[in-house]
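Reproduced below: protein_33.cif, with mmCIF, C-alpha atoms.
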```cif
data_data
#
loop_
_atom_site.label_atom_id
_atom_site.label_comp_id
_atom_site.auth_asym_id
_atom_site.auth_seq_id
_atom_site.Cartn_x
_atom_site.Cartn_y
_atom_site.Cartn_z
CA MET A 152 -74.73 -89.48 29.96
CA ARG A 153 -73.72 -86.87 27.40
CA THR A 154 -73.84 -89.56 24.71
CA ILE A 155 -77.43 -90.38 25.63
CA ILE A 156 -78.38 -86.68 25.54
CA HIS A 157 -76.71 -86.28 22.14
CA LYS A 158 -78.56 -89.30 20.86
CA LYS A 159 -81.86 -87.92 22.09
CA LYS A 160 -81.13 -84.55 20.49
CA TYR A 161 -80.11 -86.24 17.24
CA SER A 162 -83.27 -88.38 17.30
CA LEU A 163 -85.43 -85.31 17.94
CA LEU A 164 -83.69 -83.45 15.12
CA LEU A 165 -84.36 -86.33 12.71
CA LYS A 166 -88.04 -86.41 13.68
CA THR A 167 -88.30 -82.66 13.22
CA LEU A 168 -86.66 -82.83 9.80
CA LEU A 169 -88.95 -85.70 8.82
CA ILE A 170 -92.03 -83.74 9.87
CA LEU A 171 -90.82 -80.68 7.98
CA GLN A 172 -90.18 -82.82 4.90
CA VAL A 173 -93.70 -84.28 5.04
CA VAL A 174 -95.23 -80.83 5.50
CA LEU A 175 -93.17 -79.43 2.65
CA LEU A 176 -94.13 -82.32 0.38
CA TRP A 177 -97.80 -81.92 1.31
CA ASN A 178 -97.64 -78.20 0.54
CA ILE A 179 -96.05 -78.88 -2.86
CA GLN A 180 -98.67 -81.50 -3.70
CA GLU A 181 -101.42 -79.20 -2.52
CA LYS A 182 -100.09 -76.37 -4.70
CA ASP A 183 -99.78 -78.71 -7.68
CA SER A 184 -103.30 -79.98 -7.09
CA THR A 185 -104.63 -76.44 -6.78
CA ALA A 186 -102.78 -75.36 -9.92
CA ALA A 187 -104.08 -78.36 -11.82
CA GLN A 188 -107.60 -77.64 -10.58
CA LYS A 189 -107.32 -74.02 -11.68
CA GLN A 190 -105.99 -75.12 -15.06
CA SER A 191 -108.82 -77.64 -15.39
CA ASP A 192 -111.34 -74.98 -14.41
CA SER A 193 -109.97 -72.73 -17.13
CA TYR A 194 -110.82 -75.18 -19.90
CA PRO A 195 -113.90 -74.21 -21.89
CA GLU A 196 -117.10 -76.00 -21.01
CA ARG A 197 -119.45 -74.35 -23.53
CA ILE A 198 -118.01 -74.28 -27.04
CA ILE A 199 -119.44 -72.97 -30.29
CA SER A 200 -117.92 -74.26 -33.53
CA MET A 201 -118.14 -72.15 -36.67
CA SER A 202 -116.83 -74.83 -39.05
CA PRO A 203 -117.79 -78.43 -39.91
CA GLY A 204 -114.13 -79.45 -39.71
CA VAL A 205 -113.77 -77.92 -36.25
CA THR A 206 -116.95 -79.65 -35.11
CA GLU A 207 -115.60 -83.01 -36.26
CA THR A 208 -112.32 -82.30 -34.49
CA LEU A 209 -114.06 -81.48 -31.21
CA PHE A 210 -116.00 -84.75 -31.28
CA ALA A 211 -112.89 -86.71 -32.28
CA LEU A 212 -111.19 -85.29 -29.17
CA GLY A 213 -114.06 -86.36 -26.91
CA LEU A 214 -115.38 -82.82 -26.47
CA GLY A 215 -118.81 -83.42 -27.96
CA ASP A 216 -120.59 -82.82 -24.65
CA ASN A 217 -119.01 -79.36 -24.49
CA VAL A 218 -120.33 -78.26 -27.88
CA VAL A 219 -123.41 -76.06 -27.46
CA GLY A 220 -123.58 -74.44 -30.90
CA ILE A 221 -122.69 -75.30 -34.51
CA THR A 222 -123.36 -73.99 -38.01
CA ARG A 223 -126.12 -75.35 -40.23
CA TYR A 224 -123.41 -76.89 -42.42
CA CYS A 225 -122.16 -79.17 -39.65
CA THR A 226 -123.54 -82.64 -40.35
CA TYR A 227 -121.25 -85.05 -38.51
CA PRO A 228 -121.35 -86.93 -36.21
CA PRO A 229 -125.07 -87.84 -35.82
CA GLU A 230 -125.10 -86.56 -32.23
CA ILE A 231 -125.04 -82.98 -33.48
CA GLU A 232 -128.73 -83.13 -34.39
CA LYS A 233 -129.59 -82.03 -30.86
CA ILE A 234 -127.12 -79.14 -30.82
CA SER A 235 -128.32 -75.58 -31.43
CA LYS A 236 -127.63 -74.06 -34.84
CA VAL A 237 -126.15 -70.56 -34.86
CA GLY A 238 -126.59 -69.85 -38.56
CA GLY A 239 -124.24 -70.24 -41.50
CA PHE A 240 -120.54 -70.15 -42.05
CA TYR A 241 -120.51 -66.44 -42.89
CA ASP A 242 -123.96 -65.32 -41.68
CA PRO A 243 -124.26 -66.39 -38.04
CA SER A 244 -126.94 -65.20 -35.66
CA TYR A 245 -125.06 -63.20 -33.05
CA GLU A 246 -128.16 -63.13 -30.87
CA THR A 247 -128.22 -66.94 -30.81
CA ILE A 248 -124.48 -67.11 -30.12
CA VAL A 249 -124.75 -64.79 -27.14
CA SER A 250 -127.84 -66.61 -25.79
CA LEU A 251 -125.88 -69.87 -25.65
CA LYS A 252 -123.41 -68.24 -23.23
CA PRO A 253 -120.26 -69.79 -24.74
CA ASP A 254 -116.91 -69.55 -22.99
CA LEU A 255 -115.20 -70.25 -26.33
CA VAL A 256 -116.02 -69.73 -30.00
CA ILE A 257 -113.73 -71.51 -32.47
CA LEU A 258 -113.29 -69.82 -35.86
CA LEU A 259 -111.24 -70.25 -39.00
CA THR A 260 -108.78 -67.65 -40.26
CA SER A 261 -111.31 -66.82 -43.00
CA HIS A 262 -113.78 -65.56 -40.36
CA LYS A 263 -112.20 -62.10 -40.13
CA SER A 264 -115.38 -60.03 -39.96
CA ILE A 265 -117.09 -62.49 -37.62
CA GLU A 266 -114.05 -62.45 -35.33
CA LYS A 267 -114.23 -58.66 -35.01
CA ASN A 268 -117.93 -58.77 -34.18
CA LEU A 269 -117.47 -61.48 -31.57
CA GLU A 270 -114.62 -59.55 -29.97
CA LYS A 271 -116.92 -56.54 -29.63
CA LEU A 272 -119.34 -58.82 -27.78
CA GLY A 273 -116.58 -59.76 -25.35
CA LEU A 274 -116.51 -63.43 -26.30
CA LYS A 275 -113.43 -65.62 -26.02
CA ILE A 276 -112.17 -66.71 -29.44
CA LEU A 277 -109.81 -69.37 -30.77
CA THR A 278 -108.81 -69.17 -34.44
CA VAL A 279 -107.40 -72.10 -36.41
CA GLN A 280 -106.57 -72.74 -40.05
CA ASN A 281 -107.46 -75.64 -42.36
CA ASN A 282 -106.18 -74.71 -45.83
CA GLU A 283 -103.70 -77.60 -45.99
CA ILE A 284 -103.15 -80.99 -44.35
CA GLU A 285 -100.50 -79.54 -42.04
CA ASP A 286 -102.99 -76.86 -40.98
CA ILE A 287 -105.57 -79.50 -40.08
CA LEU A 288 -103.06 -81.41 -37.96
CA ASP A 289 -101.93 -78.18 -36.27
CA SER A 290 -105.54 -77.27 -35.54
CA ILE A 291 -106.07 -80.61 -33.81
CA THR A 292 -103.08 -79.90 -31.58
CA THR A 293 -104.18 -76.32 -30.89
CA ILE A 294 -107.74 -77.29 -29.97
CA GLY A 295 -106.49 -80.18 -27.85
CA ASN A 296 -104.10 -77.97 -25.90
CA PHE A 297 -106.68 -75.22 -25.45
CA CYS A 298 -109.41 -77.59 -24.28
CA GLY A 299 -107.37 -79.96 -22.11
CA THR A 300 -107.32 -83.00 -24.42
CA GLU A 301 -103.65 -82.95 -25.37
CA LYS A 302 -103.22 -86.73 -25.13
CA LYS A 303 -106.19 -87.51 -27.35
CA ALA A 304 -105.00 -84.93 -29.86
CA ALA A 305 -101.54 -86.50 -29.94
CA GLU A 306 -103.01 -89.99 -30.39
CA LEU A 307 -105.28 -88.82 -33.20
CA ILE A 308 -102.42 -87.13 -35.04
CA LYS A 309 -100.17 -90.17 -34.56
CA ASN A 310 -102.81 -92.42 -36.11
CA ILE A 311 -103.39 -90.09 -39.07
CA LYS A 312 -99.66 -89.70 -39.76
CA LYS A 313 -99.16 -93.46 -39.65
CA ARG A 314 -101.86 -93.97 -42.28
CA ILE A 315 -100.36 -91.20 -44.42
CA ARG A 316 -96.94 -92.86 -44.28
CA ILE A 317 -98.38 -96.19 -45.38
CA ILE A 318 -99.98 -94.64 -48.48
CA LYS A 319 -96.92 -92.53 -49.26
CA ASN A 320 -94.61 -95.54 -49.06
CA ILE A 321 -96.84 -97.65 -51.30
CA THR A 322 -97.33 -95.02 -54.00
CA SER A 323 -93.91 -93.34 -54.00
CA ASP A 324 -92.46 -95.45 -56.84
CA LEU A 325 -95.63 -95.87 -58.89
CA SER A 326 -96.45 -94.03 -62.10
CA ARG A 327 -98.39 -90.84 -61.44
CA PRO A 328 -101.61 -90.30 -63.41
CA LYS A 329 -102.67 -86.72 -64.17
CA VAL A 330 -105.63 -85.94 -61.92
CA LEU A 331 -108.36 -83.31 -62.13
CA ILE A 332 -110.49 -82.75 -59.05
CA SER A 333 -113.77 -80.95 -59.68
CA VAL A 334 -114.89 -79.43 -56.38
CA ASP A 335 -118.00 -77.69 -57.70
CA ARG A 336 -119.99 -77.59 -60.93
CA ASN A 337 -123.58 -77.62 -62.15
CA ALA A 338 -124.01 -81.36 -61.72
CA GLY A 339 -127.23 -82.61 -63.27
CA THR A 340 -127.44 -79.83 -65.88
CA GLN A 341 -125.04 -81.15 -68.56
CA LEU A 342 -123.30 -77.76 -68.36
CA PHE A 343 -119.53 -77.51 -68.04
CA ASN A 344 -119.11 -73.78 -68.54
CA GLU A 345 -118.06 -73.23 -64.91
CA VAL A 346 -116.15 -76.04 -63.27
CA TYR A 347 -114.27 -75.15 -60.09
CA VAL A 348 -111.18 -77.33 -59.81
CA ALA A 349 -108.43 -77.81 -57.25
CA GLY A 350 -105.34 -75.69 -57.94
CA LYS A 351 -101.82 -75.97 -56.57
CA ASN A 352 -100.61 -75.72 -52.97
CA ILE A 353 -103.96 -76.45 -51.34
CA PHE A 354 -105.59 -79.29 -49.44
CA TYR A 355 -106.66 -81.34 -52.49
CA ASP A 356 -103.37 -80.81 -54.30
CA ARG A 357 -101.55 -82.34 -51.35
CA LEU A 358 -103.98 -85.27 -51.29
CA ILE A 359 -103.32 -85.96 -54.98
CA THR A 360 -99.56 -86.00 -54.42
CA LEU A 361 -99.72 -88.27 -51.36
CA ALA A 362 -102.12 -90.62 -53.17
CA GLY A 363 -99.62 -91.08 -55.98
CA GLY A 364 -100.98 -88.71 -58.61
CA LYS A 365 -100.13 -85.41 -60.26
CA ASN A 366 -102.44 -82.43 -60.19
CA VAL A 367 -103.17 -81.58 -63.84
CA CYS A 368 -104.18 -78.03 -62.87
CA ASP A 369 -101.03 -75.96 -62.35
CA SER A 370 -102.74 -72.79 -61.12
CA ARG A 371 -100.82 -71.33 -58.18
CA ASN A 372 -102.37 -67.85 -57.94
CA ILE A 373 -105.97 -69.05 -57.66
CA ARG A 374 -106.78 -71.83 -55.22
CA TYR A 375 -109.89 -72.98 -57.08
CA PRO A 376 -109.73 -71.73 -60.67
CA VAL A 377 -112.82 -71.92 -62.88
CA LEU A 378 -112.45 -73.93 -66.08
CA SER A 379 -114.66 -74.22 -69.13
CA GLY A 380 -115.16 -77.42 -71.05
CA GLU A 381 -112.47 -76.34 -73.50
CA GLY A 382 -110.04 -75.78 -70.64
CA ILE A 383 -110.65 -79.28 -69.31
CA ILE A 384 -110.05 -80.76 -72.77
CA ARG A 385 -106.72 -78.92 -73.02
CA LEU A 386 -105.60 -80.31 -69.66
CA ASN A 387 -106.61 -83.85 -70.74
CA PRO A 388 -106.52 -85.55 -67.31
CA ASP A 389 -106.01 -89.30 -66.92
CA VAL A 390 -108.37 -89.39 -63.95
CA ILE A 391 -111.29 -87.12 -63.03
CA ILE A 392 -112.59 -86.94 -59.46
CA ASP A 393 -116.00 -85.28 -59.31
CA ILE A 394 -116.81 -84.24 -55.73
CA VAL A 395 -120.60 -84.16 -55.35
CA PRO A 396 -121.48 -84.75 -51.68
CA ASP A 397 -124.99 -83.33 -52.07
CA TYR A 398 -126.10 -85.46 -55.03
CA ARG A 399 -128.97 -86.98 -53.04
CA GLU A 400 -130.34 -83.58 -52.08
CA LYS A 401 -130.26 -82.66 -55.77
CA GLY A 402 -132.12 -85.83 -56.72
CA LEU A 403 -129.21 -87.14 -58.80
CA GLU A 404 -127.76 -90.59 -59.37
CA ILE A 405 -124.04 -91.28 -59.46
CA LYS A 406 -124.19 -93.15 -62.76
CA ASN A 407 -125.88 -90.15 -64.39
CA ILE A 408 -123.29 -87.74 -62.96
CA ILE A 409 -120.54 -89.85 -64.48
CA ALA A 410 -122.40 -90.09 -67.80
CA GLU A 411 -122.44 -86.28 -68.06
CA TRP A 412 -118.69 -86.42 -68.75
CA ASP A 413 -119.22 -88.61 -71.83
CA SER A 414 -119.41 -85.49 -73.98
CA PHE A 415 -115.62 -85.17 -73.48
CA SER A 416 -114.85 -88.30 -75.46
CA SER A 417 -111.35 -87.09 -76.39
CA ILE A 418 -110.19 -86.90 -72.75
CA GLU A 419 -108.13 -89.85 -71.52
CA ALA A 420 -110.13 -90.15 -68.30
CA VAL A 421 -113.39 -90.47 -70.24
CA LYS A 422 -111.97 -92.81 -72.89
CA ASN A 423 -110.62 -95.14 -70.21
CA LYS A 424 -113.69 -94.85 -67.96
CA ARG A 425 -111.72 -93.27 -65.16
CA VAL A 426 -114.27 -90.70 -64.03
CA TYR A 427 -115.24 -91.17 -60.41
CA VAL A 428 -117.73 -89.51 -58.10
CA PHE A 429 -116.71 -88.90 -54.48
CA ASP A 430 -120.02 -88.50 -52.69
CA ASN A 431 -119.15 -88.80 -49.00
CA PRO A 432 -119.67 -85.47 -47.18
CA TYR A 433 -116.22 -85.64 -45.57
CA THR A 434 -114.57 -85.35 -48.99
CA ALA A 435 -115.58 -81.68 -48.98
CA ILE A 436 -114.63 -81.02 -45.34
CA PRO A 437 -111.02 -80.23 -44.34
CA GLY A 438 -111.18 -81.99 -40.99
CA PRO A 439 -109.68 -85.07 -39.29
CA ARG A 440 -111.57 -87.42 -41.64
CA PHE A 441 -109.50 -86.20 -44.58
CA ILE A 442 -107.50 -89.39 -44.10
CA LEU A 443 -110.51 -91.35 -45.40
CA THR A 444 -110.52 -89.20 -48.54
CA LEU A 445 -106.80 -89.78 -49.00
CA GLU A 446 -107.18 -93.54 -48.65
CA ALA A 447 -110.09 -93.60 -51.10
CA LEU A 448 -108.16 -91.44 -53.56
CA ALA A 449 -105.07 -93.66 -53.42
CA LYS A 450 -107.15 -96.76 -54.12
CA THR A 451 -108.88 -94.98 -57.00
CA LEU A 452 -105.67 -93.77 -58.62
CA HIS A 453 -103.87 -97.07 -58.17
CA PRO A 454 -106.26 -100.00 -58.57
CA GLU A 455 -103.24 -102.15 -59.49
CA VAL A 456 -102.18 -102.18 -55.83
CA LYS A 457 -103.55 -104.91 -53.58
CA TRP A 458 -104.80 -102.58 -50.86
CA LYS A 459 -105.54 -104.03 -47.45
#
```
As structure tokens, how would this structure be written, given the file I've shared?
Amino acid sequence: MRTIIHKKKYSLLLKTLLILQVVLLWNIQEKDSTAAQKQSDSYPERIISMSPGVTETLFALGLGDNVVGITRYCTYPPEIEKISKVGGFYDPSYETIVSLKPDLVILLTSHKSIEKNLEKLGLKILTVQNNEIEDILDSITTIGNFCGTEKKAAELIKNIKKRIRIIKNITSDLSRPKVLISVDRNAGTQLFNEVYVAGKNIFYDRLITLAGGKNVCDSRNIRYPVLSGEGIIRLNPDVIIDIVPDYREKGLEIKNIIAEWDSFSSIEAVKNKRVYVFDNPYTAIPGPRFILTLEALAKTLHPEVKWK
């Protein structure tokens, strides 16, 4: 009799423990679900981008539907045509920004004065940097974490790094031509009195190195030093990359832009017809599409390679 009673008590105890375990598990799951919901709710739903590179990053991370405002310099992807413009890179319309009711405005570290003004307006701000390739990759991670697209950010970075490794491995043992990258000049005027070129330790310098070249401009104190025609002749680059993404707007033709360099007949790049125009808009934008610029640059510097 006592054995039966003990068995009943033991069975009741097991049922009670089982019920408690289920309730406890349900409570934990409910708390996790609530926490996840709160975290999801905290992600920004109305984002303003103050940089073309940031805008491209947001769309690459699948956040295009959350973008409610961009600068007039943002041109990619095509879907942005319907998005409100908030002004320029350094001269935004604060009235327009406020009217869009953003829960996040993404700036660059160079937006110091704009950041202070937006803080006074009580707006939430995220600041990223894009001076170098590593900065661009870090900004993708930061935006992804902040906006709840961590997995997409990780996948995007993985893909970019894989493509970088391929180029680096192919070009590592090749001869390195001396490269001059002109980032801004009076294209179409035959004037070479002010040519802004890529200096050391910046975005383009890193691209040149990864692509298997050597930056002929050794300026470390000034990111984009200004050279005269005489200065370019002294540097005597083997390859000249002329970045002119707005040549159509200026009514220019690529062949004429290249022909303007013929006046420097003593330069190796001109003598060997190794002056190239990079006209795609993304070549002037430090964003996730920089990998396309790197791939194009590697193929340009090393035509001897059978690129896939």
Run through the PyMOL selection byres ((chain A and resi 382-392) around 10) on the given coordinates and return the selected residues as a PDB file with C-alpha atoms, in the frame of the given file.
```
ATOM      1  CA  ARG A 327     -98.390 -90.840 -61.440  1.00  0.00           C
ATOM      2  CA  PRO A 328    -101.610 -90.300 -63.410  1.00  0.00           C
ATOM      3  CA  LYS A 329    -102.670 -86.720 -64.170  1.00  0.00           C
ATOM      4  CA  VAL A 330    -105.630 -85.940 -61.920  1.00  0.00           C
ATOM      5  CA  LEU A 331    -108.360 -83.310 -62.130  1.00  0.00           C
ATOM      6  CA  ILE A 332    -110.490 -82.750 -59.050  1.00  0.00           C
ATOM      7  CA  SER A 333    -113.770 -80.950 -59.680  1.00  0.00           C
ATOM      8  CA  VAL A 334    -114.890 -79.430 -56.380  1.00  0.00           C
ATOM      9  CA  PHE A 343    -119.530 -77.510 -68.040  1.00  0.00           C
ATOM     10  CA  ASN A 344    -119.110 -73.780 -68.540  1.00  0.00           C
ATOM     11  CA  VAL A 346    -116.150 -76.040 -63.270  1.00  0.00           C
ATOM     12  CA  VAL A 348    -111.180 -77.330 -59.810  1.00  0.00           C
ATOM     13  CA  GLY A 364    -100.980 -88.710 -58.610  1.00  0.00           C
ATOM     14  CA  LYS A 365    -100.130 -85.410 -60.260  1.00  0.00           C
ATOM     15  CA  ASN A 366    -102.440 -82.430 -60.190  1.00  0.00           C
ATOM     16  CA  VAL A 367    -103.170 -81.580 -63.840  1.00  0.00           C
ATOM     17  CA  CYS A 368    -104.180 -78.030 -62.870  1.00  0.00           C
ATOM     18  CA  ASP A 369    -101.030 -75.960 -62.350  1.00  0.00           C
ATOM     19  CA  VAL A 377    -112.820 -71.920 -62.880  1.00  0.00           C
ATOM     20  CA  LEU A 378    -112.450 -73.930 -66.080  1.00  0.00           C
ATOM     21  CA  SER A 379    -114.660 -74.220 -69.130  1.00  0.00           C
ATOM     22  CA  GLY A 380    -115.160 -77.420 -71.050  1.00  0.00           C
ATOM     23  CA  GLU A 381    -112.470 -76.340 -73.500  1.00  0.00           C
ATOM     24  CA  ASP A 393    -116.000 -85.280 -59.310  1.00  0.00           C
ATOM     25  CA  ILE A 394    -116.810 -84.240 -55.730  1.00  0.00           C
ATOM     26  CA  VAL A 395    -120.600 -84.160 -55.350  1.00  0.00           C
ATOM     27  CA  ILE A 409    -120.540 -89.850 -64.480  1.00  0.00           C
ATOM     28  CA  TRP A 412    -118.690 -86.420 -68.750  1.00  0.00           C
ATOM     29  CA  PHE A 415    -115.620 -85.170 -73.480  1.00  0.00           C
ATOM     30  CA  SER A 416    -114.850 -88.300 -75.460  1.00  0.00           C
ATOM     31  CA  SER A 417    -111.350 -87.090 -76.390  1.00  0.00           C
ATOM     32  CA  ILE A 418    -110.190 -86.900 -72.750  1.00  0.00           C
ATOM     33  CA  GLU A 419    -108.130 -89.850 -71.520  1.00  0.00           C
ATOM     34  CA  ALA A 420    -110.130 -90.150 -68.300  1.00  0.00           C
ATOM     35  CA  VAL A 421    -113.390 -90.470 -70.240  1.00  0.00           C
ATOM     36  CA  LYS A 422    -111.970 -92.810 -72.890  1.00  0.00           C
ATOM     37  CA  ASN A 423    -110.620 -95.140 -70.210  1.00  0.00           C
ATOM     38  CA  LYS A 424    -113.690 -94.850 -67.960  1.00  0.00           C
ATOM     39  CA  ARG A 425    -111.720 -93.270 -65.160  1.00  0.00           C
ATOM     40  CA  VAL A 426    -114.270 -90.700 -64.030  1.00  0.00           C
ATOM     41  CA  TYR A 427    -115.240 -91.170 -60.410  1.00  0.00           C
ATOM     42  CA  VAL A 428    -117.730 -89.510 -58.100  1.00  0.00           C
ATOM     43  CA  PHE A 429    -116.710 -88.900 -54.480  1.00  0.00           C
ATOM     44  CA  LEU A 448    -108.160 -91.440 -53.560  1.00  0.00           C
ATOM     45  CA  THR A 451    -108.880 -94.980 -57.000  1.00  0.00           C
ATOM     46  CA  LEU A 452    -105.670 -93.770 -58.620  1.00  0.00           C
TER      47      LEU A 452
END
```
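Take atom CA of Asn268 of chain A and atom CA of Ser193 of chain A: the distance between them is 23.4 Å.
Residues surrounding segment 244-250 of chain A within 10 Å are Ile199, Val219, Gly220, Ile221, Thr222, Ser235, Lys236, Val237, Gly238, Gly239, Val256, Ile265, Asn268, Leu269, Leu272, Gly273 and Leu274 of chain A [all atoms listed in the file; sequence separation below 5 positions excluded].
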Polymer residues at most 12 Å from Glu266 of chain A, only C-alpha atoms, same-chain spacing of 3 or more positions, as a count of residues only: 24
Contacts of Glu207 of chain A within 12 Å, all atoms listed in the file, excl. fewer than 5 positions in-chain, as a list in words: Ser200, Met201, Ser202, Leu212, Gly213, Leu214, Gly215, Val218, Ile221, Tyr224, Cys225, Thr226, Tyr227, Pro228, Pro229, Glu230, Ile231, Ile287, Ser290, Ile291, Ile294, Pro432, Tyr433, Ile436, Pro437, Gly438, Pro439, Arg440 and Phe441 of chain A
Residue IDs satisfying the PyMOL selection byres ((chain A and resi 322) around 10), as a PyMOL selection string: chain A and resi 316-321+323-327+360-364+449-450+452-453+456
Give the centre and edge lengths of an axis-aligned box, in Å to one decimal, that holds all listed atoms of segment 341-354 of chain A with 8 Å on each side, as lines of an AutoDock Vina configuration file.
```
center_x = -112.8
center_y = -77.2
center_z = -59.0
size_x = 40.4
size_y = 23.9
size_z = 35.1
```
Output of the PyMOL selection byres ((chain A and resi 373) around 12), listed as number ranges by chain: A: 347-353, 368-372, 374-378
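Going from atom CA of Phe297 of chain A over to atom CA of Phe354 of chain A, you cover 24.4 Å.
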Local residues around (-104.7, -83.1, -29.8), at most 12 Å away, using all atoms listed in the file, as a PyMOL selection string: chain A and resi 208-214+287-311+439
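Counting only C-alpha atoms and comparing A:Glu196, A:Ser264, A:Gly204, A:Lys252, the residue that lies closest to Asp286 of chain A is A:Gly204.
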Top pick for closest residue to Ile315 of chain A, considering A:Leu251, A:Ala447, A:Val205, A:Ile442 and counting all atoms listed in the file: A:Ile442
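For the pair atom CA of Asp397 of chain A and atom CA of Asp430 of chain A, the interatomic distance is 7.2 Å.
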